[in-house]
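Structure, as structure tokens:
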Amino acid sequence: MEEEFGDLLFALVNTSRFLKIDAEEALRRAVDKFERRFRAVEAAFRAQGRQLQESTLEEMDQVWNQVKEGEPGR
């Protein structure tokens with residue numbers, strides 16, 4: 001399974017070359033976006049006087065979608 005996953009990653013990076021996309025930069029930006037959104041989700045729960053660990057996955061998903069929709073350019 002791990003080898004197949006590695007093959008998939010390799011194929012994605014190879015595809016990025018043909019699309020003239022820097023795969024490392026694309027990944028870096030995706031991680032930055034995830035971190036920004038996750039911090040916003042944590043802040044939203046703190047603003048409600050709650051901790052993230054006390055919420056359900058459905059509640060986290062709902063706040064995640066609100067954060068995502070509230071971003072500029074969406």
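The way I read the labels, and the way they are meant: chains A, B, ... in the order of the structure tokens, residue 1 as the first residue of every chain, and ligand 1 as the first ligand shown, with later ones counted on from there.
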Checklist entry - Got a sec to tell me which of chain A DSSP assigns to helix (DSSP H, G or I), as a ChimeraX atom specification? => result /A:2-18,23-47,52-54,57-69
Checklist entry - Any idea what's packed within 12 Å of segment 25-34 of chain A, counting only C-alpha atoms, ignoring anything in its chain fewer than 2 positions away? Could you give it as a PyMOL selection string? => result chain A and resi 9+12-13+16-17+19-23+36-41+64+67-68+71
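The two atoms in question, atom CA of Glu69 of chain A and atom CA of Glu54 of chain A, are spaced 23.5 Å apart.
Residue nearest Met60 of chain A, chosen from A:Phe10, A:Thr15, A:Glu35, A:Ala44 and counting only C-alpha atoms: A:Ala44.
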